[in-house]
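Text of my_file-v3.pdb (PDB, C-alpha atoms) as supplied:
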MODEL        1
ATOM      1  CA  MET A   1      58.240 150.670  63.929
ATOM      2  CA  VAL A   2      59.809 152.973  66.498
ATOM      3  CA  ILE A   3      63.082 151.889  68.046
ATOM      4  CA  HIS A   4      63.857 153.702  71.250
ATOM      5  CA  GLU A   5      67.282 155.218  71.790
ATOM      6  CA  GLY A   6      69.569 152.797  73.576
ATOM      7  CA  TYR A   7      67.444 149.777  72.580
ATOM      8  CA  PHE A   8      70.322 147.883  70.938
ATOM      9  CA  GLU A   9      72.674 148.626  73.823
ATOM     10  CA  ARG A  10      70.068 147.358  76.299
ATOM     11  CA  TYR A  11      69.324 144.329  74.115
ATOM     12  CA  TYR A  12      73.008 143.435  73.897
ATOM     13  CA  LYS A  13      73.361 143.656  77.671
ATOM     14  CA  GLU A  14      70.223 141.717  78.587
ATOM     15  CA  TYR A  15      69.706 139.188  75.806
ATOM     16  CA  CYS A  16      71.833 136.278  74.635
ATOM     17  CA  ILE A  17      73.196 136.797  71.136
ATOM     18  CA  LYS A  18      72.985 133.035  70.477
ATOM     19  CA  CYS A  19      69.410 132.184  71.446
ATOM     20  CA  ALA A  20      67.910 135.700  71.704
ATOM     21  CA  GLU A  21      66.496 134.867  75.141
ATOM     22  CA  MET A  22      67.095 137.046  78.191
ATOM     23  CA  TYR A  23      70.275 136.117  80.041
ATOM     24  CA  THR A  24      69.755 133.907  83.075
ATOM     25  CA  ASN A  25      72.098 136.289  84.877
ATOM     26  CA  THR A  26      72.214 139.714  83.248
ATOM     27  CA  ASN A  27      74.981 140.911  85.553
ATOM     28  CA  TYR A  28      77.335 138.354  84.027
ATOM     29  CA  ASN A  29      75.809 137.956  80.547
ATOM     30  CA  TRP A  30      75.277 134.284  81.300
ATOM     31  CA  CYS A  31      72.713 132.108  79.534
ATOM     32  CA  LYS A  32      71.860 128.782  81.167
ATOM     33  CA  PRO A  33      69.890 127.328  78.188
ATOM     34  CA  CYS A  34      72.873 127.845  75.877
ATOM     35  CA  LEU A  35      75.243 126.186  78.335
ATOM     36  CA  ILE A  36      72.887 123.224  78.784
ATOM     37  CA  ASN A  37      72.578 122.833  75.000
ATOM     38  CA  TYR A  38      76.372 122.958  74.668
ATOM     39  CA  ILE A  39      76.755 120.307  77.354
ATOM     40  CA  LYS A  40      74.097 118.050  75.796
ATOM     41  CA  GLU A  41      75.820 118.297  72.414
ATOM     42  CA  ASP A  42      79.085 117.324  74.107
ATOM     43  CA  PHE A  43      77.538 114.162  75.596
ATOM     44  CA  ILE A  44      78.298 112.224  72.398
ATOM     45  CA  TYR A  45      82.037 113.016  72.538
ATOM     46  CA  TRP A  46      82.897 111.284  75.812
ATOM     47  CA  ASN A  47      82.183 108.015  77.548
ATOM     48  CA  SER A  48      83.450 106.798  80.913
ATOM     49  CA  GLY A  49      82.794 103.186  80.011
ATOM     50  CA  LYS A  50      80.189 102.852  82.765
ATOM     51  CA  LYS A  51      76.567 103.852  82.247
ATOM     52  CA  GLU A  52      76.101 104.728  85.935
ATOM     53  CA  ILE A  53      78.980 107.216  85.845
ATOM     54  CA  ASP A  54      77.857 108.738  82.540
ATOM     55  CA  ILE A  55      74.395 109.365  83.989
ATOM     56  CA  PHE A  56      75.845 110.802  87.205
ATOM     57  CA  ILE A  57      78.020 113.269  85.268
ATOM     58  CA  GLN A  58      75.138 114.320  83.040
ATOM     59  CA  GLU A  59      72.890 114.878  86.040
ATOM     60  CA  MET A  60      75.546 117.010  87.725
ATOM     61  CA  GLN A  61      75.974 119.085  84.567
ATOM     62  CA  LEU A  62      72.250 119.726  84.242
ATOM     63  CA  LYS A  63      72.128 121.055  87.826
ATOM     64  CA  ILE A  64      74.169 124.132  86.921
ATOM     65  CA  ASN A  65      72.252 127.293  87.849
ATOM     66  CA  HIS A  66      74.888 129.998  88.077
ATOM     67  CA  HIS A  67      77.746 131.271  85.950
ATOM     68  CA  SER A  68      80.227 130.442  88.735
ATOM     69  CA  ASP A  69      79.079 126.821  89.099
ATOM     70  CA  ILE A  70      81.679 124.211  88.195
ATOM     71  CA  VAL A  71      81.011 122.403  84.919
ATOM     72  CA  PHE A  72      81.349 118.802  86.085
ATOM     73  CA  GLU A  73      83.114 116.615  83.496
ATOM     74  CA  TRP A  74      84.559 113.268  82.522
ATOM     75  CA  ILE A  75      88.303 114.026  82.438
ATOM     76  CA  PRO A  76      90.677 111.643  80.609
ATOM     77  CA  TYR A  77      93.575 110.583  82.859
ATOM     78  CA  ASN A  78      96.148 111.673  80.273
ATOM     79  CA  ARG A  79      95.114 115.287  80.882
ATOM     80  CA  PHE A  80      96.958 115.186  84.231
ATOM     81  CA  ASN A  81     100.697 115.518  84.777
ATOM     82  CA  SER A  82     103.108 116.158  87.685
ATOM     83  CA  ILE A  83     101.139 113.541  89.633
ATOM     84  CA  LYS A  84     102.476 113.084  93.153
ATOM     85  CA  GLU A  85     101.126 110.981  96.027
ATOM     86  CA  ILE A  86     100.494 113.173  99.083
ATOM     87  CA  GLY A  87      98.436 110.979 101.424
ATOM     88  CA  LYS A  88      95.973 108.176 102.061
ATOM     89  CA  GLY A  89      92.506 107.581 103.468
ATOM     90  CA  ASP A  90      90.589 104.339 103.982
ATOM     91  CA  PHE A  91      91.180 102.456 100.710
ATOM     92  CA  THR A  92      91.843 105.754  98.930
ATOM     93  CA  THR A  93      95.028 107.488  97.816
ATOM     94  CA  ILE A  94      95.338 111.251  97.432
ATOM     95  CA  TYR A  95      97.513 112.860  94.765
ATOM     96  CA  SER A  96      98.367 116.393  93.761
ATOM     97  CA  ALA A  97      98.451 116.947  90.006
ATOM     98  CA  LYS A  98      98.306 119.563  87.292
ATOM     99  CA  TRP A  99      95.289 119.509  85.012
ATOM    100  CA  LYS A 100      96.724 120.544  81.637
ATOM    101  CA  ASP A 101      93.487 121.999  80.281
ATOM    102  CA  GLY A 102      91.911 123.078  83.531
ATOM    103  CA  PRO A 103      88.203 123.472  84.304
ATOM    104  CA  LEU A 104      85.738 125.387  82.191
ATOM    105  CA  SER A 105      85.325 128.930  83.509
ATOM    106  CA  TYR A 106      82.844 131.515  82.222
ATOM    107  CA  ASN A 107      84.386 134.642  80.705
ATOM    108  CA  GLN A 108      81.874 137.448  81.226
ATOM    109  CA  HIS A 109      83.400 139.790  78.636
ATOM    110  CA  LYS A 110      83.836 137.236  75.858
ATOM    111  CA  LYS A 111      80.578 135.499  76.868
ATOM    112  CA  VAL A 112      82.177 132.088  76.417
ATOM    113  CA  TYR A 113      83.682 129.338  78.558
ATOM    114  CA  THR A 114      87.473 129.153  78.541
ATOM    115  CA  ARG A 115      90.089 126.900  80.154
ATOM    116  CA  ASP A 116      93.313 127.499  82.064
ATOM    117  CA  SER A 117      95.618 124.843  83.498
ATOM    118  CA  GLU A 118      95.167 124.377  87.227
ATOM    119  CA  MET A 119      96.565 122.432  90.158
ATOM    120  CA  ILE A 120      94.062 119.963  91.610
ATOM    121  CA  ASN A 121      93.862 116.973  93.958
ATOM    122  CA  LEU A 122      92.960 113.466  92.790
ATOM    123  CA  LYS A 123      91.205 111.108  95.192
ATOM    124  CA  CYS A 124      91.670 107.576  93.870
ATOM    125  CA  PHE A 125      89.265 104.871  95.118
ATOM    126  CA  ASP A 126      90.475 101.248  95.308
ATOM    127  CA  LYS A 127      88.234  99.305  92.909
ATOM    128  CA  SER A 128      88.624  96.145  94.998
ATOM    129  CA  LYS A 129      86.880  97.903  97.913
ATOM    130  CA  TYR A 130      84.267 100.026  96.133
ATOM    131  CA  THR A 131      81.611  99.169  93.563
ATOM    132  CA  ILE A 132      80.574 101.854  91.060
ATOM    133  CA  ILE A 133      77.496 102.661  93.140
ATOM    134  CA  GLU A 134      79.514 102.860  96.371
ATOM    135  CA  PHE A 135      82.005 105.162  94.660
ATOM    136  CA  LEU A 136      79.235 107.495  93.482
ATOM    137  CA  ASN A 137      77.587 107.429  96.908
ATOM    138  CA  LYS A 138      80.897 108.518  98.431
ATOM    139  CA  ILE A 139      81.125 111.633  96.266
ATOM    140  CA  GLU A 140      77.465 112.603  95.905
ATOM    141  CA  ASN A 141      77.702 115.164  98.703
ATOM    142  CA  TYR A 142      80.624 117.013  97.163
ATOM    143  CA  THR A 143      79.508 120.169  95.423
ATOM    144  CA  ILE A 144      79.835 122.075  92.142
ATOM    145  CA  LYS A 145      78.521 125.161  93.933
ATOM    146  CA  ARG A 146      80.695 128.071  94.987
ATOM    147  CA  ASP A 147      78.032 129.371  97.359
ATOM    148  CA  VAL A 148      77.132 127.129 100.292
ATOM    149  CA  ALA A 149      73.658 128.605 100.807
ATOM    150  CA  GLU A 150      72.761 127.865  97.189
ATOM    151  CA  VAL A 151      73.715 124.224  97.613
ATOM    152  CA  TYR A 152      71.141 123.757 100.339
ATOM    153  CA  ASN A 153      68.415 125.974  98.835
ATOM    154  CA  LYS A 154      68.640 124.439  95.378
ATOM    155  CA  TYR A 155      69.316 120.797  96.198
ATOM    156  CA  LYS A 156      68.551 120.490  99.926
ATOM    157  CA  ARG A 157      71.963 118.908 100.386
ATOM    158  CA  ASN A 158      73.495 119.231 103.825
ATOM    159  CA  VAL A 159      76.682 120.958 102.787
ATOM    160  CA  THR A 160      78.167 123.313 105.381
ATOM    161  CA  LYS A 161      81.055 125.730 105.302
ATOM    162  CA  GLU A 162      83.087 123.039 107.033
ATOM    163  CA  ASN A 163      82.266 120.457 104.367
ATOM    164  CA  ASN A 164      81.992 122.329 101.075
ATOM    165  CA  ILE A 165      84.299 120.217  98.945
ATOM    166  CA  LYS A 166      84.354 121.366  95.333
ATOM    167  CA  MET A 167      84.792 118.742  92.639
ATOM    168  CA  TYR A 168      85.516 119.147  88.948
ATOM    169  CA  GLY A 169      84.821 115.713  87.570
ATOM    170  CA  ILE A 170      85.617 112.018  87.423
ATOM    171  CA  SER A 171      88.541 110.200  85.831
ATOM    172  CA  LYS A 172      89.995 106.703  85.734
ATOM    173  CA  ASP A 173      93.531 105.376  86.065
ATOM    174  CA  PRO A 174      94.032 103.203  82.928
ATOM    175  CA  LYS A 175      96.582 100.983  84.708
ATOM    176  CA  THR A 176      94.850 100.236  88.013
ATOM    177  CA  LYS A 177      91.295 100.734  86.649
ATOM    178  CA  ASN A 178      90.547 102.717  89.811
ATOM    179  CA  TYR A 179      88.044 105.549  89.523
ATOM    180  CA  ILE A 180      89.109 109.018  90.601
ATOM    181  CA  VAL A 181      87.248 112.109  91.732
ATOM    182  CA  VAL A 182      88.961 115.363  90.745
ATOM    183  CA  LEU A 183      88.831 117.838  93.633
ATOM    184  CA  GLU A 184      89.825 121.405  94.365
ATOM    185  CA  ASN A 185      93.470 122.080  95.029
ATOM    186  CA  GLN A 186      94.472 121.824  98.707
ATOM    187  CA  TYR A 187      91.597 119.445  99.415
ATOM    188  CA  PHE A 188      94.041 117.277 101.354
ATOM    189  CA  GLU A 189      95.193 120.276 103.409
ATOM    190  CA  LYS A 190      91.654 121.300 104.329
ATOM    191  CA  TYR A 191      89.816 118.032 104.885
ATOM    192  CA  CYS A 192      90.200 114.617 106.473
ATOM    193  CA  ALA A 193      90.840 112.146 103.635
ATOM    194  CA  LYS A 194      88.810 109.469 105.435
ATOM    195  CA  CYS A 195      85.598 111.286 106.340
ATOM    196  CA  ASP A 196      85.951 114.604 104.443
ATOM    197  CA  LYS A 197      85.356 116.687 107.546
ATOM    198  CA  ASN A 198      87.165 119.992 107.819
ATOM    199  CA  ASN A 199      89.978 118.898 110.124
ATOM    200  CA  GLY A 200      93.752 118.738 109.978
ATOM    201  CA  LEU A 201      93.576 115.803 112.402
ATOM    202  CA  CYS A 202      90.165 114.155 112.503
ATOM    203  CA  GLU A 203      89.773 113.090 116.122
ATOM    204  CA  GLN A 204      86.875 110.747 115.329
ATOM    205  CA  CYS A 205      88.791 108.913 112.579
ATOM    206  CA  GLN A 206      91.874 108.658 114.783
ATOM    207  CA  THR A 207      89.798 107.208 117.620
ATOM    208  CA  ASN A 208      88.168 104.721 115.246
ATOM    209  CA  ASP A 209      91.581 103.589 113.969
ATOM    210  CA  LEU A 210      92.854 103.024 117.490
ATOM    211  CA  ARG A 211      89.747 101.036 118.408
ATOM    212  CA  LYS A 212      90.131  98.843 115.326
ATOM    213  CA  ASN A 213      93.712  98.113 116.373
ATOM    214  CA  PHE A 214      92.711  96.938 119.866
ATOM    215  CA  VAL A 215      92.257  93.378 118.573
ATOM    216  CA  ASN A 216      95.840  93.246 117.257
ATOM    217  CA  TRP A 217      97.652  93.372 120.592
ATOM    218  CA  SER A 218      97.375  92.255 124.198
ATOM    219  CA  SER A 219      99.656  92.681 127.184
ATOM    220  CA  GLY A 220      98.219  89.528 128.732
ATOM    221  CA  ASN A 221      96.731  91.525 131.575
ATOM    222  CA  GLU A 222      93.231  93.011 131.388
ATOM    223  CA  LYS A 223      94.056  95.941 133.676
ATOM    224  CA  ILE A 224      97.032  96.992 131.577
ATOM    225  CA  ASP A 225      95.074  96.560 128.336
ATOM    226  CA  GLY A 226      92.310  98.734 129.750
ATOM    227  CA  LEU A 227      94.767 101.404 130.867
ATOM    228  CA  ILE A 228      96.471 101.560 127.437
ATOM    229  CA  GLN A 229      93.154 101.768 125.616
ATOM    230  CA  GLU A 230      91.932 104.491 127.949
ATOM    231  CA  MET A 231      95.122 106.505 127.353
ATOM    232  CA  GLN A 232      94.834 106.118 123.585
ATOM    233  CA  LEU A 233      91.248 107.358 123.500
ATOM    234  CA  LYS A 234      92.264 110.555 125.300
ATOM    235  CA  ILE A 235      94.236 111.720 122.247
ATOM    236  CA  ASN A 236      92.893 115.063 120.971
ATOM    237  CA  SER A 237      95.905 116.709 119.357
ATOM    238  CA  PRO A 238      98.535 115.735 116.756
ATOM    239  CA  SER A 239     101.222 116.465 119.357
ATOM    240  CA  ASN A 240      99.853 113.932 121.877
ATOM    241  CA  ILE A 241     101.957 110.804 122.471
ATOM    242  CA  ILE A 242     100.388 107.542 121.281
ATOM    243  CA  PHE A 243     100.563 105.360 124.388
ATOM    244  CA  GLU A 244     101.182 101.712 123.350
ATOM    245  CA  TRP A 245     101.848  98.148 124.354
ATOM    246  CA  ILE A 246     105.429  97.563 123.130
ATOM    247  CA  PRO A 247     106.781  94.012 122.782
ATOM    248  CA  TYR A 248     110.104  93.601 124.611
ATOM    249  CA  ASN A 249     111.814  92.290 121.454
ATOM    250  CA  GLN A 250     111.462  95.828 120.041
ATOM    251  CA  PHE A 251     114.335  96.936 122.315
ATOM    252  CA  TYR A 252     118.048  96.379 121.752
ATOM    253  CA  GLY A 253     121.302  97.814 123.076
ATOM    254  CA  ILE A 254     119.839  97.545 126.566
ATOM    255  CA  LYS A 255     122.167  98.928 129.232
ATOM    256  CA  GLU A 256     121.619  99.471 132.953
ATOM    257  CA  ILE A 257     122.100 103.130 133.893
ATOM    258  CA  GLY A 258     120.757 103.319 137.430
ATOM    259  CA  LYS A 259     118.822 101.939 140.384
ATOM    260  CA  GLY A 260     116.334 103.462 142.751
ATOM    261  CA  GLY A 261     114.046 101.969 145.382
ATOM    262  CA  PHE A 262     112.360  98.953 143.797
ATOM    263  CA  ALA A 263     113.228  99.795 140.199
ATOM    264  CA  ILE A 264     116.113  99.530 137.761
ATOM    265  CA  VAL A 265     116.512 102.012 134.923
ATOM    266  CA  TYR A 266     117.969 101.015 131.551
ATOM    267  CA  SER A 267     118.757 102.865 128.354
ATOM    268  CA  ALA A 268     117.750 101.134 125.134
ATOM    269  CA  ILE A 269     117.049 101.669 121.463
ATOM    270  CA  TRP A 270     113.446 101.163 120.301
ATOM    271  CA  LYS A 271     113.689  99.441 116.910
ATOM    272  CA  ASP A 272     110.450 100.723 115.328
ATOM    273  CA  GLY A 273     110.192 103.811 117.495
ATOM    274  CA  PRO A 274     107.180 105.859 118.616
ATOM    275  CA  LEU A 275     104.348 107.035 116.402
ATOM    276  CA  LYS A 276     104.487 110.665 115.330
ATOM    277  CA  TYR A 277     101.876 112.563 113.335
ATOM    278  CA  ASP A 278     103.123 113.751 109.936
ATOM    279  CA  THR A 279     101.261 117.022 109.336
ATOM    280  CA  ASN A 280     102.129 117.004 105.618
ATOM    281  CA  ARG A 281     100.827 113.498 104.885
ATOM    282  CA  LYS A 282      98.196 113.573 107.655
ATOM    283  CA  GLU A 283      99.152 110.160 108.951
ATOM    284  CA  TYR A 284     101.208 108.602 111.723
ATOM    285  CA  THR A 285     104.727 107.344 110.988
ATOM    286  CA  ARG A 286     107.346 105.875 113.315
ATOM    287  CA  ILE A 287     110.655 107.397 114.366
ATOM    288  CA  SER A 288     112.788 104.264 114.155
ATOM    289  CA  GLY A 289     115.939 103.766 116.252
ATOM    290  CA  LYS A 290     114.917 106.166 118.994
ATOM    291  CA  THR A 291     116.863 105.989 122.281
ATOM    292  CA  ILE A 292     114.552 105.637 125.274
ATOM    293  CA  ALA A 293     114.695 104.743 128.993
ATOM    294  CA  LEU A 294     113.154 101.597 130.485
ATOM    295  CA  LYS A 295     112.088 101.556 134.121
ATOM    296  CA  CYS A 296     111.762  97.981 135.371
ATOM    297  CA  LEU A 297     109.726  97.534 138.572
ATOM    298  CA  ASP A 298     110.640  94.678 140.900
ATOM    299  CA  ASN A 299     107.995  91.999 141.487
ATOM    300  CA  SER A 300     105.541  93.621 139.070
ATOM    301  CA  GLN A 301     104.327  90.306 137.614
ATOM    302  CA  SER A 302     101.142  90.621 139.650
ATOM    303  CA  ILE A 303      99.713  93.936 138.545
ATOM    304  CA  THR A 304      97.839  95.963 141.134
ATOM    305  CA  ASP A 305      95.919  99.225 140.956
ATOM    306  CA  GLU A 306      98.945 100.863 142.557
ATOM    307  CA  PHE A 307     101.038 100.091 139.421
ATOM    308  CA  ASN A 308      98.483 101.854 137.168
ATOM    309  CA  LYS A 309      98.854 105.004 139.203
TER
ENDMDL
END
Can the structure in the file be given as structure tokens, please?
Amino acid sequence: MVIHEGYFERYYKEYCIKCAEMYTNTNYNWCKPCLINYIKEDFIYWNSGKKEIDIFIQEMQLKINHHSDIVFEWIPYNRFNSIKEIGKGDFTTIYSAKWKDGPLSYNQHKKVYTRDSEMINLKCFDKSKYTIIEFLNKIENYTIKRDVAEVYNKYKRNVTKENNIKMYGISKDPKTKNYIVVLENQYFEKYCAKCDKNNGLCEQCQTNDLRKNFVNWSSGNEKIDGLIQEMQLKINSPSNIIFEWIPYNQFYGIKEIGKGGFAIVYSAIWKDGPLKYDTNRKEYTRISGKTIALKCLDNSQSITDEFNK
């Protein structure tokens, strides 16, 4: 038998030392069959407590096709610390946290997967609002892929650069029993927590929230209601003022400060105060106790189009 010079060096570079098969990716000495076997062997060591979630995790793991793909996992809640609430979505709460172990990452030189602690975001779903299937449907379009083109080519999933949310696994809060999806760090800074679109302020979600709130107030006059609603739906920036119907009992410390024509001007303190967008929490909060001016128009009980102007 003749062994060509450099055969062993070439073999070591191109073939897996564990299974003797050619590496799936020779540039990174990565062997998919060995990873899949490792993952399958690990199946017996964890259990989410729900068959649907176990199957979902296993399916995600078996979709790995590249050394840089995230190894999707069931992650025990006690592996997180420094947990801090940073925002909310619709029936979800977003936290920042440190994952003590960190995700599995392929080490090309050692030809093994290693772990390093990492900061991540936790998106916690209210169990009273979501069934297991609804929860899984919500996260099925998140990706374990680093490359957006591969996501579509391999799985025909409509993931774009604007909506390429990377997830590491699923967990569960032992106290609330709420299921959690573990997402890339800064998820909350990059995406809308309600619809996952790549927006600091999601105009569509904001508009939907305002429309939902229409049923909770009325000025008693259709023209004024229509004007307020029209003004609210024009909002397209976090700095825009939220135009509202404000009950008169919200004002105190009312003091006349001037007259002019058919109007009287007062200073007053607005108890709750105006809505202002909190860019850190990505939600509106009120600036309570704000001093404002009230302009009272004489004989304005009968609203005309002239008043709306």
Next on the checklist: Under the PyMOL selection byres ((chain A and resi 257) around 12), which residues of this model are included? Write them out as a VMD selection string.
Outcome noted: chain A and resid 254 to 256 258 to 260 263 to 268 292 to 296
Item to check | Selection as a list in words: residues within 10 Å of (94.2, 100.8, 126.1), counting all atoms listed in the file | outcome: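 The requested residues, written out, are Leu210, Arg211, Phe214, Trp217, Ser218, Ser219, Glu222, Lys223, Ile224, Asp225, Gly226, Leu227, Ile228, Gln229, Glu230, Met231, Gln232, Leu233, Lys234, Phe243, Glu244 and Trp245 of chain A.
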Item to check | Best match for closeness to A:Lys84 among A:Arg281, A:Lys172, A:Tyr38, A:Asn236, counting all atoms listed in the file | outcome: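 Comparing A:Arg281, A:Lys172, A:Tyr38, A:Asn236 against A:Lys84, the winner is A:Arg281.
The coordinates place atom CA of A:Ile133 at 21.6 Å from atom CA of A:Lys197.
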Next on the checklist: For this structure, which residues satisfy the selection - the PyMOL selection byres ((chain A and resi 282) around 10) - when it is evaluated on the file as given? I want them as a list in words.
Outcome noted: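 Evaluating the PyMOL selection byres ((chain A and resi 282) around 10) on these coordinates yields Ile86, Gly87, Lys88, Gly89, Phe188, Glu189, Tyr191, Cys192, Ala193, Gly200, Leu201, Cys202, Pro238, Tyr277, Asp278, Thr279, Asn280, Arg281, Glu283, Tyr284 and Thr285 of chain A.
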Work out where the centre of an axis-aligned box around every listed atom of stretch 32-45 of chain A lies and how long its edges are once 5 Å is added on each side; give both in Å to one decimal as JSON.
{"center_x": 76.0, "center_y": 120.5, "center_z": 76.8, "size_x": 22.1, "size_y": 26.6, "size_z": 18.8}
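Proximity to stretch 49-60 of chain A at 7 Å, evaluated using only C-alpha atoms and with sequence-adjacent residues fewer than 3 positions away removed, yields A:Lys63, A:Phe72, A:Glu73.
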Go ahead and save the picked residues with C-alpha atoms, as a CSV table (one decimal), keeping the file's coordinate frame.
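What ended up in part-v9.csv:
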chain,number,residue,atom,x,y,z
A,63,LYS,CA,72.1,121.1,87.8
A,72,PHE,CA,81.3,118.8,86.1
A,73,GLU,CA,83.1,116.6,83.5
Using the chain letters and numbers from the file, give me the residues hit by the PyMOL selection byres ((chain A and resi 250) around 8), as a PDB file with C-alpha atoms, keeping the file's coordinate frame.
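So the final result, stored in out_3.pdb, reads:
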ATOM      1  CA  ILE A 246     105.429  97.563 123.130  1.00  0.00           C
ATOM      2  CA  PRO A 247     106.781  94.012 122.782  1.00  0.00           C
ATOM      3  CA  TYR A 248     110.104  93.601 124.611  1.00  0.00           C
ATOM      4  CA  ASN A 249     111.814  92.290 121.454  1.00  0.00           C
ATOM      5  CA  PHE A 251     114.335  96.936 122.315  1.00  0.00           C
ATOM      6  CA  TYR A 252     118.048  96.379 121.752  1.00  0.00           C
ATOM      7  CA  TRP A 270     113.446 101.163 120.301  1.00  0.00           C
ATOM      8  CA  LYS A 271     113.689  99.441 116.910  1.00  0.00           C
ATOM      9  CA  ASP A 272     110.450 100.723 115.328  1.00  0.00           C
TER      10      ASP A 272
END
Checklist entry - Taking into account all atoms listed in the file, which residue in the set A:Asn178, A:Gln206, A:Asn221, A:Asn107 is nearest to A:Ile242? => result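 For A:Ile242, the nearest of the candidates is A:Gln206.
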Checklist entry - So what do you get for atom CA of A:Ile70 versus atom CA of A:Cys195, distance-wise? => result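 Interatomic distance here is 22.6 Å.
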Checklist entry - So how far away is atom CA of A:Phe80 from atom CA of A:His66, in Å? => result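 Computing the Euclidean distance for atom CA of A:His66 and atom CA of A:Phe80 yields 26.9 Å.
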Checklist entry - Counting only C-alpha atoms, which of A:Ser82, A:Asn29, A:Gln204, A:Thr131 gets nearest to A:Glu118? => result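 Selected residue with least distance to A:Glu118: A:Ser82.
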Fill-in result for stretch 22-40 of chain A, N, CA and C atoms as a PDB file, in the frame of the given file:
ATOM      1  N   MET A  22      66.464 136.225  77.157  1.00  0.00           N
ATOM      2  CA  MET A  22      67.095 137.046  78.191  1.00  0.00           C
ATOM      3  C   MET A  22      68.106 136.213  78.970  1.00  0.00           C
ATOM      4  N   TYR A  23      69.253 136.819  79.284  1.00  0.00           N
ATOM      5  CA  TYR A  23      70.275 136.117  80.041  1.00  0.00           C
ATOM      6  C   TYR A  23      69.707 135.612  81.366  1.00  0.00           C
ATOM      7  N   THR A  24      70.140 134.441  81.771  1.00  0.00           N
ATOM      8  CA  THR A  24      69.755 133.907  83.075  1.00  0.00           C
ATOM      9  C   THR A  24      70.280 134.824  84.169  1.00  0.00           C
ATOM     10  N   ASN A  25      71.486 135.337  83.957  1.00  0.00           N
ATOM     11  CA  ASN A  25      72.098 136.289  84.877  1.00  0.00           C
ATOM     12  C   ASN A  25      72.605 137.461  84.053  1.00  0.00           C
ATOM     13  N   THR A  26      71.851 138.560  84.080  1.00  0.00           N
ATOM     14  CA  THR A  26      72.214 139.714  83.248  1.00  0.00           C
ATOM     15  C   THR A  26      73.464 140.422  83.746  1.00  0.00           C
ATOM     16  N   ASN A  27      73.781 140.265  85.030  1.00  0.00           N
ATOM     17  CA  ASN A  27      74.981 140.911  85.553  1.00  0.00           C
ATOM     18  C   ASN A  27      76.256 140.322  84.964  1.00  0.00           C
ATOM     19  N   TYR A  28      76.153 139.041  84.545  1.00  0.00           N
ATOM     20  CA  TYR A  28      77.335 138.354  84.027  1.00  0.00           C
ATOM     21  C   TYR A  28      77.153 137.884  82.582  1.00  0.00           C
ATOM     22  N   ASN A  29      76.073 138.349  81.939  1.00  0.00           N
ATOM     23  CA  ASN A  29      75.809 137.956  80.547  1.00  0.00           C
ATOM     24  C   ASN A  29      75.867 136.443  80.380  1.00  0.00           C
ATOM     25  N   TRP A  30      75.207 135.744  81.295  1.00  0.00           N
ATOM     26  CA  TRP A  30      75.277 134.284  81.300  1.00  0.00           C
ATOM     27  C   TRP A  30      73.930 133.679  80.958  1.00  0.00           C
ATOM     28  N   CYS A  31      73.947 132.737  80.016  1.00  0.00           N
ATOM     29  CA  CYS A  31      72.713 132.108  79.534  1.00  0.00           C
ATOM     30  C   CYS A  31      72.745 130.618  79.854  1.00  0.00           C
ATOM     31  N   LYS A  32      71.905 130.191  80.784  1.00  0.00           N
ATOM     32  CA  LYS A  32      71.860 128.782  81.167  1.00  0.00           C
ATOM     33  C   LYS A  32      71.403 127.876  80.020  1.00  0.00           C
ATOM     34  N   PRO A  33      70.330 128.212  79.287  1.00  0.00           N
ATOM     35  CA  PRO A  33      69.890 127.328  78.188  1.00  0.00           C
ATOM     36  C   PRO A  33      70.989 127.044  77.165  1.00  0.00           C
ATOM     37  N   CYS A  34      71.793 128.055  76.851  1.00  0.00           N
ATOM     38  CA  CYS A  34      72.873 127.845  75.877  1.00  0.00           C
ATOM     39  C   CYS A  34      73.952 126.927  76.434  1.00  0.00           C
ATOM     40  N   LEU A  35      74.256 127.078  77.719  1.00  0.00           N
ATOM     41  CA  LEU A  35      75.243 126.186  78.335  1.00  0.00           C
ATOM     42  C   LEU A  35      74.734 124.752  78.347  1.00  0.00           C
ATOM     43  N   ILE A  36      73.468 124.568  78.732  1.00  0.00           N
ATOM     44  CA  ILE A  36      72.887 123.224  78.784  1.00  0.00           C
ATOM     45  C   ILE A  36      72.891 122.590  77.399  1.00  0.00           C
ATOM     46  N   ASN A  37      72.562 123.358  76.368  1.00  0.00           N
ATOM     47  CA  ASN A  37      72.578 122.833  75.000  1.00  0.00           C
ATOM     48  C   ASN A  37      73.990 122.431  74.588  1.00  0.00           C
ATOM     49  N   TYR A  38      74.971 123.263  74.981  1.00  0.00           N
ATOM     50  CA  TYR A  38      76.372 122.958  74.668  1.00  0.00           C
ATOM     51  C   TYR A  38      76.791 121.651  75.347  1.00  0.00           C
ATOM     52  N   ILE A  39      76.403 121.510  76.599  1.00  0.00           N
ATOM     53  CA  ILE A  39      76.755 120.307  77.354  1.00  0.00           C
ATOM     54  C   ILE A  39      76.093 119.078  76.744  1.00  0.00           C
ATOM     55  N   LYS A  40      74.816 119.187  76.395  1.00  0.00           N
ATOM     56  CA  LYS A  40      74.097 118.050  75.796  1.00  0.00           C
ATOM     57  C   LYS A  40      74.736 117.631  74.484  1.00  0.00           C
TER      58      LYS A  40
END
